[in-house]
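Coordinates as given in query20.cif (mmCIF, C-alpha atoms):
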data_target
#
loop_
_atom_site.label_atom_id
_atom_site.label_comp_id
_atom_site.auth_asym_id
_atom_site.auth_seq_id
_atom_site.Cartn_x
_atom_site.Cartn_y
_atom_site.Cartn_z
CA MET A 1478 33.78 -113.35 205.50
CA LEU A 1479 35.24 -112.40 208.85
CA ALA A 1480 37.07 -115.68 209.19
CA ASN A 1481 39.48 -114.46 211.82
CA ALA A 1482 37.42 -111.88 213.66
CA PRO A 1483 38.47 -111.83 217.28
CA GLU A 1484 36.31 -110.80 220.22
CA GLY A 1485 35.66 -107.09 220.28
CA GLY A 1486 33.50 -106.76 217.19
CA PHE A 1487 34.29 -104.40 214.36
CA THR A 1488 36.98 -102.30 216.06
CA GLY A 1489 38.67 -105.49 217.18
CA TYR A 1490 38.54 -106.78 213.61
CA ILE A 1491 40.27 -103.64 212.32
CA GLN A 1492 42.86 -103.69 215.09
CA HIS A 1493 43.55 -107.36 214.43
CA HIS A 1494 44.21 -106.50 210.80
CA MET A 1495 46.53 -103.63 211.74
CA LYS A 1496 49.02 -105.92 213.49
CA PHE A 1497 52.11 -107.15 211.69
CA TRP A 1498 53.40 -110.69 211.75
CA ASN A 1499 56.38 -110.29 214.05
CA LEU A 1500 59.01 -112.90 214.68
CA PRO A 1501 58.21 -114.48 218.06
CA HIS A 1502 61.55 -114.05 219.83
CA VAL A 1503 62.61 -110.73 218.40
CA GLY A 1504 61.37 -107.68 220.24
CA GLU A 1505 61.34 -109.20 223.72
CA GLY A 1506 63.10 -106.17 225.17
CA GLY A 1507 66.66 -105.11 225.79
CA PHE A 1508 68.95 -104.34 222.93
CA TRP A 1509 67.04 -106.39 220.36
CA SER A 1510 63.74 -104.76 221.16
CA TRP A 1511 62.84 -103.88 217.61
CA SER A 1512 60.41 -105.83 215.54
CA VAL A 1513 60.88 -107.64 212.24
CA HIS A 1514 57.81 -107.52 210.03
CA MET A 1515 57.98 -110.95 208.42
CA ASP A 1516 54.86 -110.39 206.32
CA SER A 1517 56.21 -107.28 204.57
CA ILE A 1518 59.57 -108.92 203.94
CA LEU A 1519 58.01 -112.14 202.67
CA VAL A 1520 55.47 -110.56 200.32
CA SER A 1521 57.87 -107.96 198.90
CA LEU A 1522 60.61 -110.56 198.32
CA VAL A 1523 58.21 -112.98 196.63
CA LEU A 1524 56.89 -110.20 194.37
CA GLY A 1525 60.40 -108.97 193.56
CA VAL A 1526 61.59 -112.45 192.60
CA LEU A 1527 58.41 -113.03 190.60
CA PHE A 1528 58.87 -109.76 188.68
CA SER A 1529 62.55 -110.34 187.99
CA ALA A 1530 62.08 -113.96 186.89
CA TRP A 1531 59.15 -113.03 184.66
CA PHE A 1532 60.91 -110.15 182.88
CA TRP A 1533 64.19 -112.08 182.66
CA MET A 1534 62.46 -115.06 181.06
CA LYS A 1535 60.69 -112.86 178.52
CA ALA A 1536 63.93 -111.00 177.74
CA ARG A 1537 65.83 -114.26 177.27
CA LYS A 1538 63.28 -115.69 174.88
CA ALA A 1539 62.62 -112.44 173.02
CA THR A 1540 62.29 -112.79 169.27
CA PRO A 1541 62.83 -110.09 166.66
CA GLY A 1542 59.89 -111.51 164.69
CA VAL A 1543 56.23 -111.37 165.68
CA PRO A 1544 56.20 -111.21 169.50
CA GLY A 1545 53.87 -113.26 171.63
CA LYS A 1546 51.39 -111.65 174.01
CA GLY A 1547 53.72 -111.91 176.99
CA GLN A 1548 56.65 -110.38 175.17
CA ALA A 1549 54.48 -107.61 173.75
CA PHE A 1550 53.30 -106.73 177.27
CA VAL A 1551 56.83 -106.66 178.67
CA GLU A 1552 57.96 -104.50 175.74
CA LEU A 1553 55.03 -102.16 176.35
CA VAL A 1554 55.97 -101.64 180.00
CA LEU A 1555 59.66 -101.27 179.15
CA GLU A 1556 59.05 -98.71 176.42
CA PHE A 1557 56.63 -96.73 178.59
CA VAL A 1558 59.15 -96.47 181.43
CA ASP A 1559 62.04 -95.80 179.06
CA GLY A 1560 60.06 -93.01 177.40
CA GLN A 1561 59.37 -91.38 180.76
CA VAL A 1562 63.06 -91.58 181.70
CA LYS A 1563 64.08 -90.21 178.29
CA ASP A 1564 61.78 -87.19 178.73
CA VAL A 1565 63.34 -86.19 182.04
CA PHE A 1566 66.93 -87.35 181.92
CA HIS A 1567 69.29 -86.58 179.02
CA GLY A 1568 72.29 -88.76 179.48
CA ASP A 1569 73.42 -92.34 179.85
CA ARG A 1570 70.30 -94.35 180.78
CA ARG A 1571 71.98 -97.69 181.46
CA VAL A 1572 71.56 -97.38 185.25
CA LEU A 1573 68.58 -95.08 185.56
CA GLY A 1574 66.38 -96.97 183.07
CA PRO A 1575 66.50 -100.36 184.84
CA LEU A 1576 66.19 -98.60 188.20
CA ALA A 1577 63.03 -96.83 187.07
CA LEU A 1578 61.60 -100.05 185.63
CA THR A 1579 62.30 -101.94 188.85
CA ILE A 1580 60.72 -99.25 191.01
CA PHE A 1581 57.66 -98.94 188.81
CA VAL A 1582 56.81 -102.63 188.44
CA TRP A 1583 57.83 -103.63 191.96
CA VAL A 1584 55.89 -100.83 193.66
CA PHE A 1585 52.93 -101.54 191.41
CA LEU A 1586 52.95 -105.24 192.31
CA MET A 1587 53.24 -104.47 196.02
CA ASN A 1588 50.38 -101.98 195.76
CA PHE A 1589 48.40 -104.57 193.82
CA MET A 1590 48.20 -106.74 196.95
CA ASP A 1591 45.60 -104.18 198.08
CA LEU A 1592 43.20 -105.46 195.43
CA LEU A 1593 43.19 -109.00 196.80
CA PRO A 1594 40.32 -109.54 199.26
CA VAL A 1595 41.45 -108.12 202.61
CA ASP A 1596 40.86 -111.39 204.44
CA LEU A 1597 42.40 -113.75 201.88
CA LEU A 1598 46.11 -113.64 202.75
CA PRO A 1599 45.51 -113.27 206.52
CA TRP A 1600 43.19 -116.28 206.35
CA ILE A 1601 45.80 -118.37 204.54
CA ALA A 1602 48.47 -117.19 206.96
CA GLU A 1603 46.31 -118.05 209.95
CA HIS A 1604 45.90 -121.61 208.73
CA THR A 1605 49.64 -121.97 208.27
CA GLY A 1606 50.62 -120.62 211.66
CA ALA A 1607 50.96 -116.82 211.58
CA SER A 1608 48.43 -115.10 213.83
CA HIS A 1609 48.65 -111.68 212.14
CA PHE A 1610 49.37 -110.88 208.53
CA ARG A 1611 49.35 -107.63 206.55
CA ALA A 1612 49.31 -108.29 202.86
CA VAL A 1613 50.34 -104.88 201.47
CA PRO A 1614 54.07 -104.25 201.97
CA THR A 1615 53.77 -100.60 200.86
CA ALA A 1616 51.32 -99.97 203.71
CA ASP A 1617 54.30 -100.55 206.01
CA LEU A 1618 56.38 -97.44 206.72
CA ASN A 1619 59.54 -99.54 206.95
CA VAL A 1620 59.24 -100.70 203.35
CA THR A 1621 58.49 -97.28 201.87
CA PHE A 1622 61.24 -95.61 203.89
CA ALA A 1623 63.71 -98.32 202.88
CA MET A 1624 62.98 -97.58 199.23
CA SER A 1625 63.08 -93.79 199.58
CA ILE A 1626 66.28 -93.81 201.64
CA THR A 1627 67.86 -95.93 198.91
CA VAL A 1628 66.80 -93.20 196.48
CA LEU A 1629 68.40 -90.57 198.76
CA VAL A 1630 71.66 -92.54 198.80
CA LEU A 1631 71.57 -92.70 195.01
CA VAL A 1632 70.92 -88.95 194.78
CA VAL A 1633 73.94 -88.19 196.98
CA PHE A 1634 76.06 -90.72 195.08
CA TYR A 1635 75.22 -89.23 191.70
CA SER A 1636 75.76 -85.70 193.00
CA PHE A 1637 79.28 -86.67 193.98
CA LYS A 1638 79.81 -88.53 190.73
CA ALA A 1639 78.56 -85.76 188.44
CA LYS A 1640 80.11 -82.77 190.23
CA GLY A 1641 83.01 -84.26 192.16
CA ALA A 1642 83.43 -83.89 195.93
CA GLY A 1643 84.65 -80.29 195.65
CA GLY A 1644 81.94 -79.23 193.24
CA TYR A 1645 79.17 -80.78 195.30
CA MET A 1646 80.46 -79.21 198.51
CA LYS A 1647 80.69 -75.85 196.78
CA GLU A 1648 77.12 -76.21 195.59
CA LEU A 1649 75.87 -77.24 199.04
CA PHE A 1650 77.44 -74.19 200.68
CA THR A 1651 76.86 -71.54 198.03
CA ALA A 1652 73.85 -72.71 196.02
CA PRO A 1653 70.89 -70.35 196.42
CA PHE A 1654 72.22 -67.19 198.12
CA GLY A 1655 75.91 -67.04 197.30
CA PRO A 1656 79.02 -67.63 199.44
CA TRP A 1657 78.32 -64.92 202.04
CA LEU A 1658 75.32 -66.77 203.47
CA ALA A 1659 76.95 -70.21 203.61
CA PRO A 1660 75.31 -71.35 206.91
CA PHE A 1661 71.83 -70.64 205.55
CA ASN A 1662 72.68 -72.33 202.27
CA ILE A 1663 73.87 -75.55 203.90
CA LEU A 1664 70.84 -75.60 206.19
CA LEU A 1665 68.45 -75.07 203.30
CA ASN A 1666 70.16 -77.71 201.18
CA ILE A 1667 70.08 -80.29 203.98
CA VAL A 1668 66.36 -79.67 204.55
CA GLU A 1669 65.74 -79.95 200.81
CA LEU A 1670 67.72 -83.19 200.64
CA LEU A 1671 65.97 -84.77 203.62
CA SER A 1672 62.49 -83.70 202.54
CA LYS A 1673 62.79 -85.84 199.41
CA PRO A 1674 62.76 -89.31 201.01
CA VAL A 1675 60.22 -88.24 203.64
CA SER A 1676 57.72 -86.97 201.10
CA LEU A 1677 58.28 -89.92 198.75
CA SER A 1678 57.72 -92.56 201.38
CA MET A 1679 54.94 -90.78 203.30
CA ARG A 1680 52.99 -90.25 200.10
CA LEU A 1681 53.10 -93.92 199.10
CA PHE A 1682 52.48 -95.11 202.66
CA GLY A 1683 49.57 -92.75 203.25
CA ASN A 1684 47.82 -93.72 200.06
CA MET A 1685 48.19 -97.45 200.60
CA TYR A 1686 47.36 -97.32 204.32
CA ALA A 1687 44.21 -95.29 203.72
CA GLY A 1688 43.19 -97.55 200.82
CA GLU A 1689 43.65 -100.69 202.90
CA MET A 1690 41.69 -99.09 205.72
CA VAL A 1691 38.75 -98.22 203.47
CA PHE A 1692 38.70 -101.81 202.18
CA MET A 1693 38.54 -103.02 205.79
CA LEU A 1694 35.73 -100.61 206.63
CA ILE A 1695 33.73 -101.87 203.65
CA ALA A 1696 34.51 -105.47 204.57
CA GLY A 1697 32.96 -104.72 207.94
CA LEU A 1698 29.60 -104.34 206.20
CA PHE A 1699 29.64 -108.03 205.24
CA SER A 1700 29.28 -109.06 208.86
CA ALA A 1701 26.77 -106.34 209.75
CA GLY A 1702 23.97 -108.92 209.66
CA SER A 1703 21.56 -107.51 207.11
CA TRP A 1704 21.20 -108.35 203.44
CA LEU A 1705 20.87 -104.68 202.50
CA LEU A 1706 24.21 -103.82 204.09
CA TYR A 1707 25.72 -106.93 202.47
CA GLY A 1708 24.63 -105.57 199.09
CA PHE A 1709 26.08 -102.14 199.92
CA GLY A 1710 29.27 -103.93 200.89
CA ILE A 1711 29.54 -105.64 197.50
CA LEU A 1712 28.78 -102.38 195.68
CA GLY A 1713 31.22 -100.38 197.79
CA TYR A 1714 33.98 -102.96 197.49
CA THR A 1715 33.63 -103.01 193.70
CA ALA A 1716 33.52 -99.22 193.36
CA TRP A 1717 36.48 -98.59 195.66
CA GLY A 1718 38.38 -101.46 194.03
CA ILE A 1719 37.97 -99.93 190.56
CA PHE A 1720 38.98 -96.49 191.84
CA HIS A 1721 41.91 -98.06 193.65
CA ILE A 1722 43.32 -99.50 190.41
CA LEU A 1723 43.85 -95.86 189.36
CA ILE A 1724 45.43 -94.93 192.70
CA ILE A 1725 47.90 -97.81 192.83
CA SER A 1726 49.09 -97.20 189.27
CA ILE A 1727 49.42 -93.44 189.83
CA GLN A 1728 51.36 -93.92 193.06
CA ALA A 1729 53.77 -96.39 191.44
CA PHE A 1730 54.14 -93.97 188.51
CA ILE A 1731 54.76 -90.97 190.81
CA PHE A 1732 57.36 -92.85 192.83
CA MET A 1733 59.17 -93.75 189.61
CA VAL A 1734 58.97 -90.29 188.01
CA LEU A 1735 60.08 -88.47 191.16
CA THR A 1736 63.02 -90.85 191.56
CA VAL A 1737 64.09 -90.12 188.02
CA VAL A 1738 63.58 -86.36 188.51
CA TYR A 1739 65.59 -86.31 191.76
CA ILE A 1740 68.46 -88.29 190.26
CA SER A 1741 68.55 -86.18 187.11
CA MET A 1742 68.50 -83.04 189.30
CA ALA A 1743 71.57 -84.45 191.01
CA HIS A 1744 73.30 -84.40 187.62
CA ASP A 1745 72.49 -80.73 186.96
CA HIS A 1746 75.02 -78.05 187.70
CA HIS A 1747 73.76 -74.88 189.29
CA MET B 1238 34.49 -94.52 237.91
CA GLU B 1239 32.34 -91.67 236.58
CA HIS B 1240 35.39 -89.43 236.37
CA ILE B 1241 37.14 -92.02 234.25
CA ALA B 1242 34.11 -92.42 232.00
CA ASN B 1243 33.88 -88.63 231.69
CA LEU B 1244 37.53 -88.34 230.80
CA LEU B 1245 37.40 -91.10 228.19
CA GLY B 1246 34.25 -89.61 226.72
CA GLN B 1247 35.95 -86.23 226.49
CA ILE B 1248 38.97 -87.71 224.73
CA GLU B 1249 36.79 -89.62 222.29
CA GLY B 1250 34.56 -86.65 221.56
CA LEU B 1251 37.47 -84.33 220.88
CA THR B 1252 39.07 -87.03 218.73
CA GLY B 1253 35.86 -87.24 216.73
CA ILE B 1254 35.90 -83.50 216.09
CA GLY B 1255 39.56 -83.76 215.12
CA ILE B 1256 38.85 -86.57 212.65
CA GLY B 1257 36.08 -84.52 211.07
CA LEU B 1258 38.39 -81.50 210.72
CA ILE B 1259 41.24 -83.57 209.27
CA ILE B 1260 39.10 -85.23 206.63
CA GLY B 1261 36.88 -82.23 205.90
CA LEU B 1262 39.57 -79.60 205.50
CA GLY B 1263 41.83 -82.04 203.65
CA ALA B 1264 39.06 -82.92 201.22
CA LEU B 1265 38.26 -79.21 200.75
CA GLY B 1266 41.83 -78.38 199.80
CA ALA B 1267 42.35 -81.41 197.60
CA CYS B 1268 39.08 -80.87 195.75
CA ILE B 1269 39.81 -77.20 195.08
CA GLY B 1270 43.26 -78.13 193.85
CA ILE B 1271 42.01 -80.91 191.56
CA GLY B 1272 39.22 -78.64 190.31
CA VAL B 1273 41.57 -75.78 189.40
CA MET B 1274 43.96 -78.17 187.70
CA GLY B 1275 41.20 -80.01 185.83
CA SER B 1276 39.65 -76.80 184.52
CA LYS B 1277 43.03 -75.56 183.31
CA PHE B 1278 43.66 -78.93 181.68
CA LEU B 1279 40.34 -78.83 179.83
CA GLU B 1280 40.94 -75.24 178.72
CA SER B 1281 44.38 -76.00 177.36
CA ALA B 1282 43.20 -79.25 175.74
CA ALA B 1283 40.45 -77.31 173.98
CA ARG B 1284 42.93 -74.68 172.83
CA GLN B 1285 45.58 -77.10 171.62
CA PRO B 1286 44.10 -80.60 171.20
CA GLU B 1287 47.38 -81.98 169.85
CA LEU B 1288 49.01 -81.48 173.27
CA LYS B 1289 46.32 -83.51 175.06
CA PRO B 1290 48.23 -86.81 175.52
CA MET B 1291 51.24 -85.03 176.98
CA LEU B 1292 49.13 -82.90 179.30
CA GLN B 1293 47.10 -85.91 180.42
CA GLY B 1294 50.19 -87.66 181.73
CA SER B 1295 51.32 -84.71 183.78
CA MET B 1296 47.75 -84.08 184.95
CA PHE B 1297 47.49 -87.58 186.43
CA LEU B 1298 50.91 -87.17 188.02
CA LEU B 1299 49.84 -83.91 189.65
CA ALA B 1300 46.48 -85.38 190.66
CA GLY B 1301 48.38 -88.06 192.55
CA LEU B 1302 50.60 -85.44 194.17
CA ILE B 1303 47.63 -83.30 195.23
CA ASP B 1304 45.68 -86.28 196.54
CA ALA B 1305 48.61 -87.57 198.56
CA ALA B 1306 48.44 -85.03 201.38
CA PHE B 1307 44.70 -85.61 201.75
CA LEU B 1308 45.09 -89.38 201.82
CA ILE B 1309 47.85 -89.16 204.41
CA GLY B 1310 45.38 -87.15 206.48
CA VAL B 1311 42.72 -89.81 205.95
CA ALA B 1312 45.16 -92.50 207.06
CA LEU B 1313 45.94 -90.57 210.25
CA ALA B 1314 42.24 -89.98 210.87
CA MET B 1315 41.54 -93.70 210.47
CA LEU B 1316 44.30 -94.46 212.94
CA LEU B 1317 42.67 -92.07 215.42
CA ALA B 1318 39.26 -93.61 214.82
CA PHE B 1319 40.17 -97.27 215.26
CA ALA B 1320 43.32 -97.48 217.32
CA ASN B 1321 43.34 -94.19 219.23
CA PRO B 1322 46.75 -93.87 220.88
CA MET B 1323 45.45 -91.16 223.23
CA VAL B 1324 42.82 -93.42 224.79
CA THR B 1325 45.44 -96.12 225.24
CA SER B 1326 47.87 -93.77 226.95
CA ALA B 1327 45.09 -92.33 229.15
CA LEU B 1328 44.19 -95.87 230.23
CA ASP B 1329 47.86 -96.57 230.92
CA HIS B 1330 48.09 -93.48 233.13
CA MET B 1331 44.96 -94.57 235.02
CA HIS B 1332 46.41 -98.03 235.61
CA ALA B 1333 49.63 -96.46 236.84
CA LEU B 1334 47.69 -94.20 239.24
CA GLY B 1335 45.61 -97.13 240.44
CA ALA B 1336 48.74 -99.15 241.11
CA ALA B 1337 50.30 -96.24 243.03
CA LYS B 1338 47.38 -95.99 245.47
#
Take the structure in this file and express it as structure tokens.
Amino acid sequence: MLANAPEGGFTGYIQHHMKFWNLPHVGEGGFWSWSVHMDSILVSLVLGVLFSAWFWMKARKATPGVPGKGQAFVELVLEFVDGQVKDVFHGDRRVLGPLALTIFVWVFLMNFMDLLPVDLLPWIAEHTGASHFRAVPTADLNVTFAMSITVLVLVVFYSFKAKGAGGYMKELFTAPFGPWLAPFNILLNIVELLSKPVSLSMRLFGNMYAGEMVFMLIAGLFSAGSWLLYGFGILGYTAWGIFHILIISIQAFIFMVLTVVYISMAHDHH
Amino acid sequence: MEHIANLLGQIEGLTGIGIGLIIGLGALGACIGIGVMGSKFLESAARQPELKPMLQGSMFLLAGLIDAAFLIGVALAMLLAFANPMVTSALDHMHALGAAK
């Protein structure tokens, strides 16, 4: 099971799994001393293309008659997401609906990488040349913050669009306490605005990171060297895996719903 | 050498206590929260069974929200348990002091 366990036993195994696949010549120091997590980019892009191609194909071949199983599933997901958006947001759904669908399915697929065996993708990657590989893109703070900052940009954009520059500025400076306390108002509004992406991304990241970590801890039982612990490992992996199906769906759902709520709040006038 | 071992042991012991506090207090809060919400959900579902599907959706949403803070704590605790940054920085300081001598 521990195909790529380095020296250093269990802690070394965990630490080996915590390392990202960095590009070799980026991050050497100097100005370019940041790292590019190739594994997160690769997995999230592949899943995004897969999702888009799948839904696009089903939409292109959709029939008004009796739908096939694939089309019925896609319709189910679409109607579920559209219903959630309809409940929260009363307006033109032509942008927000597809956005919510993309967030829901994409985040779900990225979270779903957690349910693959923890050593599978790293093992494949090791045999094709990458020394470290982390399979779950949403367990990477960069990915979750990229998504939530995009949501923040959309919130600001729709605030400007719905209220106009003057209206939005007026709201930022006068919103909770009236015009006489403008400095406090702007401070409060900025904190409120910035807390949205932080809480969105930290919530998703924390859940996925902890889930991945628990899977690794259980996987450690497989190499503990006794049949009893091996059995506990199988039991634990199954139990946590089943529970984790709930967690990954709920986290994808929460990310989607909160995005819709934030953007529809941006449309509201105070 | 013994001083170094003492120091590292101290850091690791305190980290262990910290991990226990993070997970224990986080679990306490999250469980109380989920319990209060679940009992209210059951009460309202018993009072108005026709609202159950709608309430169920928002209950799962809130369960995810309540759990999130606890799981972020668990993630931090795991980080402290397996890749403790404080031990690493203490070792770095010791190497720097050793090089200075």
* To do: Considering only C-alpha atoms, extract the chain B residues located within 12 Å of chain A and return them as an MDAnalysis selection string.
  => chainID B and resid 1260 1291 1294:1321
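Among the candidates A:Met1693, A:Val1543, A:Gly1606, A:Leu1670, the one nearest to His1493 (chain A) when counting all atoms listed in the file is A:Met1693.
The spacing separating CA of Ile1722 (chain A) from CA of Ala1616 (chain A) amounts to 15.5 Å.
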* Skipping near chain neighbours, those fewer than 2 positions away, what residues fall within 12 Å of region 1243-1251 of chain B using all atoms listed in the file, listed as an NGL selection string? -> :B and (1238-1241 or 1253-1258 or 1317-1328 or 1330-1331)
* To do: Work out how far CA of Trp1583 (chain A) is from CA of Val1613 (chain A), in Å to one decimal.
  =>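 If I compute the distance from CA of Val1613 (chain A) to CA of Trp1583 (chain A), I get 12.2 Å.
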* Kindly give the distance, in Å, that separates CA of Pro1660 (chain A) and CA of Lys1638 (chain A), rounded to a single decimal. =>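 CA of Lys1638 (chain A) lies 24.0 Å from CA of Pro1660 (chain A).
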List as a PDB file with C-alpha atoms, in the frame of the given file the residues having at least one atom at most 12 Å from position (65.7, -93.4, 178.8) as given in the file, counting only C-alpha atoms.
ATOM      1  CA  LEU A1555      59.660-101.270 179.150  1.00  0.00           C
ATOM      2  CA  GLU A1556      59.050 -98.710 176.420  1.00  0.00           C
ATOM      3  CA  PHE A1557      56.630 -96.730 178.590  1.00  0.00           C
ATOM      4  CA  VAL A1558      59.150 -96.470 181.430  1.00  0.00           C
ATOM      5  CA  ASP A1559      62.040 -95.800 179.060  1.00  0.00           C
ATOM      6  CA  GLY A1560      60.060 -93.010 177.400  1.00  0.00           C
ATOM      7  CA  GLN A1561      59.370 -91.380 180.760  1.00  0.00           C
ATOM      8  CA  VAL A1562      63.060 -91.580 181.700  1.00  0.00           C
ATOM      9  CA  LYS A1563      64.080 -90.210 178.290  1.00  0.00           C
ATOM     10  CA  ASP A1564      61.780 -87.190 178.730  1.00  0.00           C
ATOM     11  CA  VAL A1565      63.340 -86.190 182.040  1.00  0.00           C
ATOM     12  CA  PHE A1566      66.930 -87.350 181.920  1.00  0.00           C
ATOM     13  CA  HIS A1567      69.290 -86.580 179.020  1.00  0.00           C
ATOM     14  CA  GLY A1568      72.290 -88.760 179.480  1.00  0.00           C
ATOM     15  CA  ASP A1569      73.420 -92.340 179.850  1.00  0.00           C
ATOM     16  CA  ARG A1570      70.300 -94.350 180.780  1.00  0.00           C
ATOM     17  CA  ARG A1571      71.980 -97.690 181.460  1.00  0.00           C
ATOM     18  CA  VAL A1572      71.560 -97.380 185.250  1.00  0.00           C
ATOM     19  CA  LEU A1573      68.580 -95.080 185.560  1.00  0.00           C
ATOM     20  CA  GLY A1574      66.380 -96.970 183.070  1.00  0.00           C
ATOM     21  CA  PRO A1575      66.500-100.360 184.840  1.00  0.00           C
ATOM     22  CA  LEU A1576      66.190 -98.600 188.200  1.00  0.00           C
ATOM     23  CA  ALA A1577      63.030 -96.830 187.070  1.00  0.00           C
ATOM     24  CA  LEU A1578      61.600-100.050 185.630  1.00  0.00           C
ATOM     25  CA  VAL A1734      58.970 -90.290 188.010  1.00  0.00           C
ATOM     26  CA  VAL A1737      64.090 -90.120 188.020  1.00  0.00           C
ATOM     27  CA  SER A1741      68.550 -86.180 187.110  1.00  0.00           C
TER      28      SER A1741
END
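Ranking A:Val1595, A:Met1742, A:Val1523, A:Ala1607 by their shortest atom-to-atom distance to Gly1718 (chain A), with all atoms listed in the file included, puts A:Val1595 first.
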Return region 1268-1286 of chain B, completed with N, CA and C atoms, as a PDB file, keeping the file's coordinate frame.
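out06.pdb, written as the output of this step:
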ATOM      1  N   CYS B1268      40.079 -81.032 196.801  1.00  0.00           N
ATOM      2  CA  CYS B1268      39.080 -80.870 195.750  1.00  0.00           C
ATOM      3  C   CYS B1268      39.262 -79.555 195.018  1.00  0.00           C
ATOM      4  N   ILE B1269      39.568 -78.472 195.764  1.00  0.00           N
ATOM      5  CA  ILE B1269      39.810 -77.200 195.080  1.00  0.00           C
ATOM      6  C   ILE B1269      41.018 -77.320 194.153  1.00  0.00           C
ATOM      7  N   GLY B1270      42.061 -77.967 194.665  1.00  0.00           N
ATOM      8  CA  GLY B1270      43.260 -78.130 193.850  1.00  0.00           C
ATOM      9  C   GLY B1270      42.984 -78.916 192.587  1.00  0.00           C
ATOM     10  N   ILE B1271      42.313 -80.069 192.733  1.00  0.00           N
ATOM     11  CA  ILE B1271      42.010 -80.910 191.560  1.00  0.00           C
ATOM     12  C   ILE B1271      41.106 -80.146 190.609  1.00  0.00           C
ATOM     13  N   GLY B1272      40.148 -79.383 191.161  1.00  0.00           N
ATOM     14  CA  GLY B1272      39.220 -78.640 190.310  1.00  0.00           C
ATOM     15  C   GLY B1272      39.940 -77.601 189.481  1.00  0.00           C
ATOM     16  N   VAL B1273      40.818 -76.808 190.138  1.00  0.00           N
ATOM     17  CA  VAL B1273      41.570 -75.780 189.400  1.00  0.00           C
ATOM     18  C   VAL B1273      42.403 -76.427 188.304  1.00  0.00           C
ATOM     19  N   MET B1274      43.094 -77.537 188.685  1.00  0.00           N
ATOM     20  CA  MET B1274      43.960 -78.170 187.700  1.00  0.00           C
ATOM     21  C   MET B1274      43.145 -78.756 186.550  1.00  0.00           C
ATOM     22  N   GLY B1275      42.013 -79.399 186.878  1.00  0.00           N
ATOM     23  CA  GLY B1275      41.200 -80.010 185.830  1.00  0.00           C
ATOM     24  C   GLY B1275      40.645 -78.971 184.875  1.00  0.00           C
ATOM     25  N   SER B1276      40.210 -77.819 185.418  1.00  0.00           N
ATOM     26  CA  SER B1276      39.650 -76.800 184.520  1.00  0.00           C
ATOM     27  C   SER B1276      40.726 -76.252 183.596  1.00  0.00           C
ATOM     28  N   LYS B1277      41.933 -76.051 184.159  1.00  0.00           N
ATOM     29  CA  LYS B1277      43.030 -75.560 183.310  1.00  0.00           C
ATOM     30  C   LYS B1277      43.366 -76.591 182.239  1.00  0.00           C
ATOM     31  N   PHE B1278      43.332 -77.876 182.645  1.00  0.00           N
ATOM     32  CA  PHE B1278      43.660 -78.930 181.680  1.00  0.00           C
ATOM     33  C   PHE B1278      42.650 -78.927 180.535  1.00  0.00           C
ATOM     34  N   LEU B1279      41.354 -78.826 180.885  1.00  0.00           N
ATOM     35  CA  LEU B1279      40.340 -78.830 179.830  1.00  0.00           C
ATOM     36  C   LEU B1279      40.485 -77.621 178.927  1.00  0.00           C
ATOM     37  N   GLU B1280      40.745 -76.448 179.529  1.00  0.00           N
ATOM     38  CA  GLU B1280      40.940 -75.240 178.720  1.00  0.00           C
ATOM     39  C   GLU B1280      42.074 -75.422 177.725  1.00  0.00           C
ATOM     40  N   SER B1281      43.223 -75.912 178.254  1.00  0.00           N
ATOM     41  CA  SER B1281      44.380 -76.000 177.360  1.00  0.00           C
ATOM     42  C   SER B1281      44.177 -77.103 176.334  1.00  0.00           C
ATOM     43  N   ALA B1282      43.447 -78.189 176.715  1.00  0.00           N
ATOM     44  CA  ALA B1282      43.200 -79.250 175.740  1.00  0.00           C
ATOM     45  C   ALA B1282      42.270 -78.749 174.636  1.00  0.00           C
ATOM     46  N   ALA B1283      41.328 -77.851 175.002  1.00  0.00           N
ATOM     47  CA  ALA B1283      40.450 -77.310 173.980  1.00  0.00           C
ATOM     48  C   ALA B1283      41.213 -76.360 173.064  1.00  0.00           C
ATOM     49  N   ARG B1284      42.171 -75.632 173.634  1.00  0.00           N
ATOM     50  CA  ARG B1284      42.930 -74.680 172.830  1.00  0.00           C
ATOM     51  C   ARG B1284      43.900 -75.383 171.906  1.00  0.00           C
ATOM     52  N   GLN B1285      44.584 -76.386 172.432  1.00  0.00           N
ATOM     53  CA  GLN B1285      45.580 -77.100 171.620  1.00  0.00           C
ATOM     54  C   GLN B1285      45.376 -78.606 171.769  1.00  0.00           C
ATOM     55  N   PRO B1286      44.436 -79.184 171.020  1.00  0.00           N
ATOM     56  CA  PRO B1286      44.100 -80.600 171.200  1.00  0.00           C
ATOM     57  C   PRO B1286      45.289 -81.530 170.945  1.00  0.00           C
TER      58      PRO B1286
END
